[in-house]
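For reference, upload-v9.txt (compact mmCIF, C-alpha atoms):
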```
# COMPACT_ATOMS: atom_id res chain seq x y z
CA MET C 10 0.00 0.00 0.00
CA ILE C 11 2.78 2.43 0.93
CA ALA C 12 4.80 1.56 -2.17
CA ALA C 13 1.76 2.01 -4.42
CA ALA C 14 1.00 5.40 -2.85
CA ALA C 15 4.62 6.48 -3.29
CA LEU C 16 4.79 5.40 -6.92
CA MET C 17 1.31 6.34 -8.16
CA GLY C 18 -0.07 8.69 -5.53
CA GLN C 19 -3.61 8.50 -4.21
CA SER C 20 -4.86 6.59 -7.24
CA GLY C 21 -2.30 3.88 -6.59
CA ALA C 22 -3.44 3.52 -2.99
CA VAL C 23 -7.06 3.27 -4.10
CA ALA C 24 -6.14 0.66 -6.73
CA MET C 25 -4.28 -1.44 -4.15
CA LEU C 26 -7.22 -1.18 -1.76
CA ILE C 27 -9.57 -2.45 -4.49
CA LEU C 28 -7.21 -5.31 -5.31
CA LEU C 29 -6.98 -6.24 -1.64
CA PHE C 30 -10.76 -6.19 -1.29
CA LEU C 31 -11.18 -8.40 -4.37
CA ALA C 32 -8.57 -10.86 -3.13
CA VAL C 33 -10.15 -11.16 0.31
CA THR C 34 -13.70 -11.58 -1.00
CA SER C 35 -12.57 -14.13 -3.60
CA ALA C 36 -10.75 -16.21 -0.99
CA CYS C 37 -13.68 -16.04 1.43
CA SER C 38 -16.21 -17.08 -1.22
CA ALA C 39 -14.04 -20.04 -2.23
CA GLU C 40 -13.73 -21.14 1.40
CA GLN C 41 -17.48 -20.85 1.91
CA ILE C 42 -18.25 -22.99 -1.13
CA ALA C 43 -15.64 -25.58 -0.18
CA VAL C 44 -16.84 -25.92 3.41
CA SER C 45 -20.48 -25.93 2.30
CA SER C 46 -19.86 -28.75 -0.20
CA LEU C 47 -17.96 -30.77 2.37
CA LEU C 48 -20.64 -30.45 5.05
CA THR C 49 -23.51 -30.96 2.62
CA TYR C 50 -22.28 -34.06 0.80
CA ASP C 51 -19.77 -35.66 3.18
CA VAL C 52 -21.66 -35.07 6.44
CA TYR C 53 -25.33 -34.39 5.73
CA GLY C 54 -25.67 -36.63 2.68
CA THR C 55 -23.59 -39.43 4.19
CA TYR C 56 -24.62 -39.63 7.84
CA ILE C 57 -27.78 -37.57 8.37
CA ASN C 58 -29.91 -37.99 5.24
CA LYS C 59 -28.56 -40.63 2.89
CA SER C 60 -31.20 -39.96 0.20
CA PRO C 61 -31.61 -36.17 0.09
CA THR C 62 -33.61 -34.38 -2.56
CA GLU C 63 -32.18 -31.53 -4.62
CA LYS C 64 -34.18 -29.03 -2.59
CA GLN C 65 -32.80 -30.40 0.67
CA ILE C 66 -29.23 -30.29 -0.67
CA LEU C 67 -29.67 -26.68 -1.79
CA ARG C 68 -31.19 -25.61 1.50
CA THR C 69 -28.48 -27.38 3.52
CA SER C 70 -25.78 -25.76 1.42
CA GLN C 71 -27.28 -22.32 2.05
CA TYR C 72 -27.45 -22.95 5.79
CA CYS C 73 -23.82 -24.08 5.81
CA ILE C 74 -22.66 -20.99 3.93
CA PHE C 75 -24.51 -18.69 6.31
CA GLY C 76 -23.26 -20.50 9.41
CA TYR C 77 -19.66 -20.61 8.21
CA SER C 78 -19.78 -16.90 7.35
CA ILE C 79 -20.88 -16.06 10.89
CA PHE C 80 -18.17 -18.34 12.28
CA MET C 81 -15.44 -16.77 10.14
CA GLY C 82 -16.50 -13.26 11.08
CA ALA C 83 -16.60 -14.08 14.78
CA ILE C 84 -13.25 -15.85 14.89
CA ALA C 85 -11.56 -13.15 12.77
CA THR C 86 -12.85 -10.46 15.13
CA GLY C 87 -11.63 -12.45 18.12
CA PHE C 88 -8.17 -12.89 16.61
CA TYR C 89 -7.94 -9.18 15.90
CA TYR C 90 -8.78 -8.14 19.45
CA ILE C 91 -6.42 -10.61 21.12
CA GLY C 92 -3.55 -9.59 18.85
CA VAL C 93 -3.19 -12.67 16.64
CA SER C 94 -1.67 -11.57 13.33
CA MET C 95 -1.54 -13.25 9.94
CA GLY C 96 2.09 -14.17 10.55
CA TYR C 97 1.08 -15.91 13.77
CA LEU C 98 -1.59 -17.94 11.99
CA TYR C 99 0.80 -18.72 9.14
CA GLU C 100 3.41 -20.24 11.44
CA LEU C 101 0.77 -21.91 13.61
CA MET C 102 -0.64 -23.63 10.54
CA GLY C 103 2.14 -26.20 10.60
CA THR C 104 1.34 -27.16 14.19
CA MET C 105 -2.38 -27.42 13.54
CA ILE C 106 -2.46 -29.30 10.21
CA GLY C 107 1.11 -30.50 9.71
CA SER C 108 0.38 -33.87 11.30
CA ALA C 109 -1.88 -34.82 8.39
CA VAL C 110 0.62 -34.03 5.63
CA VAL C 111 2.58 -37.30 5.69
CA PRO C 112 -0.48 -39.57 6.21
CA ILE C 113 -2.35 -37.96 3.30
CA ALA C 114 0.71 -38.04 1.05
CA LEU C 115 1.34 -41.72 1.80
CA CYS C 116 -2.31 -42.62 1.26
CA ILE C 117 -2.09 -41.56 -2.38
CA THR C 118 1.48 -42.68 -3.10
CA TRP C 119 2.18 -45.86 -1.09
CA LYS C 120 0.01 -48.94 -1.49
CA LYS C 121 1.10 -50.38 1.87
CA THR C 122 -0.24 -47.43 3.86
CA ASN C 123 -2.49 -48.63 6.66
CA GLY C 124 -5.67 -46.60 7.09
CA THR C 125 -5.75 -46.99 10.86
CA GLY C 126 -2.13 -45.95 11.14
CA ALA C 127 -2.74 -42.87 9.00
CA VAL C 128 -5.65 -41.73 11.18
CA LEU C 129 -3.81 -42.39 14.43
CA GLY C 130 -0.68 -40.70 13.07
CA ALA C 131 -2.59 -37.53 12.20
CA ILE C 132 -4.28 -37.38 15.62
CA ALA C 133 -1.15 -38.21 17.60
CA GLY C 134 0.93 -35.76 15.59
CA PHE C 135 -1.55 -32.97 16.28
CA CYS C 136 -1.53 -33.71 20.01
CA ALA C 137 2.28 -33.89 20.08
CA GLY C 138 2.64 -30.65 18.13
CA VAL C 139 0.32 -28.68 20.39
CA ALA C 140 1.82 -30.19 23.55
CA GLY C 141 5.37 -29.45 22.42
CA TRP C 142 4.45 -25.92 21.33
CA ILE C 143 2.83 -25.06 24.68
CA GLY C 144 5.44 -26.95 26.69
CA ILE C 145 8.47 -25.25 25.17
CA THR C 146 6.69 -21.89 25.51
CA SER C 147 6.25 -22.45 29.23
CA SER C 148 9.81 -23.70 29.62
CA LEU C 149 11.49 -20.81 27.80
CA ASN C 150 9.32 -18.04 29.26
CA ASP C 151 9.16 -18.94 32.96
CA GLY C 152 5.64 -20.35 32.70
CA VAL C 153 4.20 -17.32 30.90
CA ILE C 154 1.88 -18.45 28.09
CA ASN C 155 0.24 -15.77 25.97
CA VAL C 156 0.10 -14.59 22.37
CA GLU C 157 3.50 -12.93 22.54
CA THR C 158 5.39 -15.84 24.12
CA THR C 159 3.78 -18.52 21.95
CA PHE C 160 4.86 -16.58 18.84
CA GLY C 161 8.55 -17.20 19.56
CA ASP C 162 10.78 -18.78 16.93
CA TYR C 163 11.77 -21.86 18.92
CA GLU C 164 8.23 -22.32 20.20
CA MET C 165 6.72 -22.38 16.71
CA LEU C 166 9.58 -24.50 15.37
CA THR C 167 9.01 -27.13 18.05
CA GLY C 168 5.30 -27.41 17.33
CA ASN C 169 5.81 -27.63 13.56
CA LEU C 170 8.50 -30.29 13.72
CA LEU C 171 6.70 -32.42 16.30
CA ALA C 172 3.42 -32.34 14.36
CA ILE C 173 4.82 -33.39 11.02
CA GLY C 174 7.46 -35.72 12.51
CA VAL C 175 5.28 -37.68 14.92
CA GLY C 176 2.49 -38.00 12.35
CA GLY C 177 4.88 -39.35 9.76
CA ILE C 178 6.69 -41.74 12.12
CA ILE C 179 3.48 -43.30 13.44
CA THR C 180 1.99 -43.67 9.96
CA VAL C 181 5.11 -45.26 8.47
CA GLY C 182 5.75 -47.47 11.50
CA TRP C 183 2.18 -48.74 11.67
CA SER C 184 2.13 -49.39 7.92
CA LEU C 185 5.37 -51.34 8.09
CA ALA C 186 4.10 -53.41 11.03
CA ARG C 187 0.68 -54.05 9.45
CA PRO C 188 1.04 -53.27 5.77
CA ALA C 189 -1.97 -52.98 3.51
CA ASN C 190 -1.96 -54.02 -0.13
CA PHE C 191 -4.14 -51.60 -2.03
CA ASP C 192 -4.70 -52.29 -5.73
CA TRP C 193 -4.27 -49.03 -7.65
CA ASP C 194 -5.99 -50.58 -10.67
CA LEU C 195 -9.28 -50.12 -8.82
CA THR C 196 -8.89 -46.34 -8.89
CA ARG C 197 -7.51 -46.30 -12.43
CA ALA C 198 -10.53 -48.24 -13.70
CA ILE C 199 -13.08 -45.81 -12.26
CA ASN C 200 -12.99 -43.39 -15.18
CA ILE C 201 -13.04 -46.20 -17.76
CA ALA C 202 -16.02 -47.95 -16.15
CA HIS C 203 -18.05 -44.77 -15.68
CA SER C 204 -17.37 -43.44 -19.16
CA HIS C 205 -18.33 -46.75 -20.77
CA ILE C 206 -21.55 -47.06 -18.74
CA ASP C 207 -22.54 -43.46 -19.50
CA GLU C 208 -22.00 -43.99 -23.23
CA SER C 209 -23.95 -47.27 -23.20
CA LEU C 210 -26.86 -45.71 -21.33
CA SER C 211 -26.95 -42.68 -23.62
CA GLU C 212 -27.06 -44.89 -26.71
CA ASN C 213 -29.54 -47.42 -25.30
CA SER C 214 -31.77 -45.34 -23.01
CA PRO C 215 -34.67 -47.37 -21.57
CA GLU C 216 -38.28 -46.45 -22.30
CA VAL C 217 -39.97 -45.01 -19.22
CA ASP C 218 -43.69 -45.13 -18.63
CA LYS C 219 -44.61 -41.56 -17.71
CA ASP C 220 -47.79 -42.60 -15.92
CA GLU C 221 -46.30 -45.25 -13.67
CA LYS C 222 -42.73 -43.80 -13.55
CA ARG C 223 -41.08 -47.13 -13.99
CA VAL C 224 -38.71 -48.69 -16.46
CA SER C 225 -40.23 -50.80 -19.19
CA GLU C 226 -39.40 -54.48 -19.12
CA SER C 227 -38.60 -54.39 -22.81
CA ALA C 228 -35.79 -51.88 -22.30
CA PRO C 229 -32.47 -53.06 -23.73
CA VAL C 230 -29.65 -53.84 -21.32
CA PRO C 231 -26.26 -52.17 -21.95
CA VAL C 232 -23.78 -54.66 -23.38
CA VAL C 233 -20.01 -54.29 -22.98
CA ASP C 234 -18.22 -54.40 -26.32
CA SER C 235 -14.64 -55.61 -26.49
CA ASP C 236 -13.77 -53.01 -29.14
CA ASP C 237 -14.91 -50.22 -26.84
CA LEU C 238 -12.80 -51.60 -24.05
CA GLU C 239 -9.74 -51.61 -26.29
CA VAL C 240 -10.37 -48.00 -27.27
CA HIS C 241 -10.68 -47.01 -23.62
CA ALA C 242 -7.52 -48.96 -22.76
CA SER C 243 -5.51 -47.14 -25.42
CA ALA C 244 -6.87 -43.78 -24.28
CA PHE C 245 -5.98 -44.70 -20.71
CA ALA C 246 -2.38 -45.47 -21.75
CA VAL C 247 -2.06 -42.05 -23.39
CA GLU C 248 -3.49 -40.42 -20.27
CA GLN C 249 -0.96 -42.24 -18.09
CA GLN C 250 1.91 -40.91 -20.20
CA ALA C 251 0.59 -37.37 -19.83
CA LEU C 252 0.24 -37.84 -16.08
CA GLN C 253 3.82 -39.08 -15.79
CA LYS C 254 5.05 -36.03 -17.69
CA SER C 255 3.06 -33.72 -15.43
CA PHE C 256 4.40 -35.54 -12.38
CA ARG C 257 8.00 -35.01 -13.45
CA PHE C 258 7.35 -31.32 -14.07
CA ALA C 259 5.65 -30.91 -10.67
CA SER C 260 8.51 -32.70 -8.92
CA LEU C 261 11.08 -30.45 -10.58
CA CYS C 262 9.14 -27.34 -9.55
CA ALA C 263 8.80 -28.59 -5.97
CA ILE C 264 12.53 -29.30 -5.64
CA THR C 265 13.43 -25.95 -7.18
CA LEU C 266 11.11 -24.02 -4.87
CA THR C 267 12.44 -25.93 -1.86
CA LEU C 268 16.03 -25.02 -2.72
CA ILE C 269 15.07 -21.38 -3.26
CA LEU C 270 13.02 -21.02 -0.06
CA LEU C 271 15.30 -23.01 2.23
CA ILE C 272 18.80 -22.30 0.85
CA ALA C 273 19.08 -19.66 -1.86
CA ILE C 274 17.28 -16.94 0.10
CA PRO C 275 18.07 -17.50 3.82
CA LEU C 276 21.79 -18.33 3.55
CA PRO C 277 22.89 -15.11 1.78
CA LEU C 278 20.88 -13.11 4.33
CA PHE C 279 22.61 -15.02 7.12
CA PHE C 280 26.11 -14.43 5.76
CA SER C 281 25.44 -10.77 5.00
CA SER C 282 24.21 -10.19 8.58
CA HIS C 283 27.55 -11.53 9.88
CA GLY C 284 29.68 -9.22 7.75
CA MET C 285 30.69 -11.62 5.00
CA PRO C 286 32.17 -9.35 2.30
CA LEU C 287 31.02 -11.62 -0.50
CA PHE C 288 27.38 -11.04 0.40
CA ALA C 289 27.29 -7.83 2.44
CA SER C 290 28.51 -5.51 -0.33
CA THR C 291 26.27 -6.77 -3.10
CA HIS C 292 23.19 -4.54 -3.26
CA ALA C 293 22.10 -6.24 -6.48
CA LEU C 294 21.96 -9.58 -4.67
CA THR C 295 19.45 -8.30 -2.13
CA ASN C 296 17.27 -6.95 -4.93
CA LEU C 297 17.47 -10.31 -6.70
CA GLN C 298 16.56 -12.07 -3.47
CA SER C 299 13.46 -9.92 -3.03
CA ILE C 300 12.35 -10.72 -6.59
CA LEU C 301 12.94 -14.45 -6.10
CA TRP C 302 11.15 -14.32 -2.75
CA ALA C 303 8.05 -12.71 -4.23
CA ASP C 304 8.08 -15.07 -7.23
CA SER C 305 8.47 -18.11 -4.99
CA LEU C 306 5.56 -17.05 -2.80
CA LEU C 307 3.36 -16.55 -5.86
CA GLY C 308 4.31 -19.91 -7.34
CA SER C 309 4.31 -21.98 -4.16
CA ALA C 310 1.23 -24.09 -3.49
CA SER C 311 2.25 -25.40 -0.06
CA ALA C 312 1.58 -23.21 2.96
CA LEU C 313 3.09 -25.83 5.24
CA SER C 314 6.49 -25.77 3.54
CA GLY C 315 6.50 -21.99 3.80
CA SER C 316 5.67 -22.05 7.50
CA LEU C 317 8.37 -24.63 8.17
CA SER C 318 10.84 -22.51 6.21
CA VAL C 319 10.02 -19.38 8.22
CA CYS C 320 10.10 -21.18 11.56
CA PHE C 321 13.31 -23.11 10.90
CA TRP C 322 15.43 -20.35 9.53
CA SER C 323 14.20 -17.67 11.93
CA ALA C 324 15.00 -19.98 14.84
CA PHE C 325 18.37 -21.07 13.41
CA ILE C 326 19.60 -17.69 12.25
CA GLN C 327 17.85 -15.69 15.03
CA ARG C 328 18.18 -12.60 12.92
CA GLY C 329 16.32 -13.77 9.87
CA ARG C 330 13.11 -11.94 10.73
CA GLN C 331 14.89 -8.60 11.25
CA GLY C 332 16.78 -9.13 8.03
CA LEU C 333 13.63 -9.84 6.05
CA VAL C 334 11.86 -6.85 7.60
CA SER C 335 14.76 -4.51 6.80
CA LEU C 336 14.92 -5.91 3.28
CA ALA C 337 11.20 -5.35 2.76
CA CYS C 338 11.45 -1.83 4.16
CA SER C 339 14.37 -1.02 1.88
CA VAL C 340 12.43 -2.25 -1.14
CA VAL C 341 9.27 -0.35 -0.14
CA PHE C 342 10.84 2.92 0.96
CA SER C 343 13.74 3.09 -1.49
CA PRO C 344 11.63 4.95 -4.10
CA ILE C 345 10.61 7.48 -1.42
CA SER C 346 14.16 8.06 -0.24
CA SER C 347 15.47 8.34 -3.79
CA THR C 348 12.74 10.88 -4.63
CA GLU C 349 13.58 12.96 -1.57
CA SER C 350 17.28 12.91 -2.36
CA ASP C 351 16.62 14.00 -5.91
CA SER C 352 14.46 16.87 -4.70
CA ASN C 353 17.15 17.97 -2.25
CA ILE C 354 19.72 18.00 -5.00
```
How does the structure come out when it is put into structure tokens?
Amino acid sequence: MIAAAALMGQSGAVAMLILLFLAVTSACSAEQIAVSSLLTYDVYGTYINKSPTEKQILRTSQYCIFGYSIFMGAIATGFYYIGVSMGYLYELMGTMIGSAVVPIALCITWKKTNGTGAVLGAIAGFCAGVAGWIGITSSLNDGVINVETTFGDYEMLTGNLLAIGVGGIITVGWSLARPANFDWDLTRAINIAHSHIDESLSENSPEVDKDEKRVSESAPVPVVDSDDLEVHASAFAVEQQALQKSFRFASLCAITLTLILLIAIPLPLFFSSHGMPLFASTHALTNLQSILWADSLLGSASALSGSLSVCFWSAFIQRGRQGLVSLACSVVFSPISSTESDSNI
């Protein structure tokens, strides 16, 4: 906001305010729809009313959106008045949801993953993360536990590492002790089976008696053709090749972002803060770091990896947060200072 006002005046500040409003409303609407769909189909349609009508689904979805909106507004107001910032929530995210990262990842990548072990790992990791976070806070701050003390670097680091570590260890250990043997062909065949049935039903739709609302006995039954199965099998092979290519690209991007966020950015800041001449005298390097930092944040899809990166390096370096703040301030206020110097000249 300050940089936009300095570069473009009042119109720039207004434009940034509009962009911020659009971003917040877009994110909130997406969260409302996601939570509403989850509660409507996975909770209401699965456990409460297993055969809901379209009207009931629509009404339940509207109730969920309204209730979640009230909840979000109330909890956001509470966080504001107790002094919980976005940075606090960002680092706390690893402690709260980090325990489920390894179990979920193994469930979709390792056929021997045990379902019971994954659930227990996520729950135990959450409990261990919260216990370690609160425990180290009390130990390092003479028993004082509040928003300020729980926001410490070592406190957040402990909770993050315990959550993701304990969850992963329990899931892997339980799966090795009692391995499952899931057949991935069952999931791969879902699209083939559904597409073939849909095509057969569309070509051979049964005659329905409008008066009695029942299917005629003379309706033809869909028959599976071997030629169609071969066509679907060949299409499936092409799809698998495309998925493998996308997987390699995603893996390369993930490794690159990890190296940038964990090594390329923090280490030069660390060395420059300790007077290393190779890093301290290179103003162009700090500008490049700020560009890479912004680009990495825009391209990163994992909030957990970012929170772990912030917690780890701020705790290890101890001056990382001050360095990042000074870097951000230099980037934001450098146009203002340069303008003032030019005017003085």
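With CA of Gly141 (chain C) on one side and CA of Gly168 (chain C) on the other, the separation reads 5.5 Å.
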If I put a ball of radius 12 Å at (4.6, -17.8, 22.9) in the file's coordinates, which residues poke into it when counting all atoms listed in the file, written as an NGL selection string? :C and (93 or 97 or 100-101 or 139 or 141-168)
Create the file for the chosen residues now, containing C-alpha atoms and written as a compact mmCIF listing (two decimals), in the coordinates of the input.
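Okay, this is what ended up in part_25.txt:
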```
# COMPACT_ATOMS: atom_id res chain seq x y z
CA VAL C 93 -3.19 -12.67 16.64
CA TYR C 97 1.08 -15.91 13.77
CA GLU C 100 3.41 -20.24 11.44
CA LEU C 101 0.77 -21.91 13.61
CA VAL C 139 0.32 -28.68 20.39
CA GLY C 141 5.37 -29.45 22.42
CA TRP C 142 4.45 -25.92 21.33
CA ILE C 143 2.83 -25.06 24.68
CA GLY C 144 5.44 -26.95 26.69
CA ILE C 145 8.47 -25.25 25.17
CA THR C 146 6.69 -21.89 25.51
CA SER C 147 6.25 -22.45 29.23
CA SER C 148 9.81 -23.70 29.62
CA LEU C 149 11.49 -20.81 27.80
CA ASN C 150 9.32 -18.04 29.26
CA ASP C 151 9.16 -18.94 32.96
CA GLY C 152 5.64 -20.35 32.70
CA VAL C 153 4.20 -17.32 30.90
CA ILE C 154 1.88 -18.45 28.09
CA ASN C 155 0.24 -15.77 25.97
CA VAL C 156 0.10 -14.59 22.37
CA GLU C 157 3.50 -12.93 22.54
CA THR C 158 5.39 -15.84 24.12
CA THR C 159 3.78 -18.52 21.95
CA PHE C 160 4.86 -16.58 18.84
CA GLY C 161 8.55 -17.20 19.56
CA ASP C 162 10.78 -18.78 16.93
CA TYR C 163 11.77 -21.86 18.92
CA GLU C 164 8.23 -22.32 20.20
CA MET C 165 6.72 -22.38 16.71
CA LEU C 166 9.58 -24.50 15.37
CA THR C 167 9.01 -27.13 18.05
CA GLY C 168 5.30 -27.41 17.33
```
Can you measure CA of Arg187 (chain C) to CA of Asn169 (chain C) for me? One decimal in Å is fine.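 Separation of CA of Arg187 (chain C) and CA of Asn169 (chain C): 27.2 Å.
Put simply, CA of Gln71 (chain C) is 23.3 Å away from CA of Phe30 (chain C).
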What lies within 6 Å of region 172-177 of chain C using all atoms listed in the file, ignoring chain neighbours under 4 positions off, as a compact mmCIF listing (two decimals) with C-alpha atoms, in the frame of the given file?
```txt
# COMPACT_ATOMS: atom_id res chain seq x y z
CA THR C 104 1.34 -27.16 14.19
CA GLY C 107 1.11 -30.50 9.71
CA SER C 108 0.38 -33.87 11.30
CA VAL C 111 2.58 -37.30 5.69
CA GLY C 130 -0.68 -40.70 13.07
CA ALA C 131 -2.59 -37.53 12.20
CA GLY C 134 0.93 -35.76 15.59
CA PHE C 135 -1.55 -32.97 16.28
CA GLY C 138 2.64 -30.65 18.13
```
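Remark: for Ala39 (chain C), the closest of the candidate residues C:Met102, C:Ile113, C:Ile74, C:Ile84 is C:Ile74 (distances computed over all atoms listed in the file).
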Among the residues C:Ser78, C:Ile27, C:Ile66, C:Ala109, the one that comes closest to Ser46 (chain C) [using only C-alpha atoms]: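 Ranking C:Ser78, C:Ile27, C:Ile66, C:Ala109 by distance to Ser46 (chain C), first place goes to C:Ile66.
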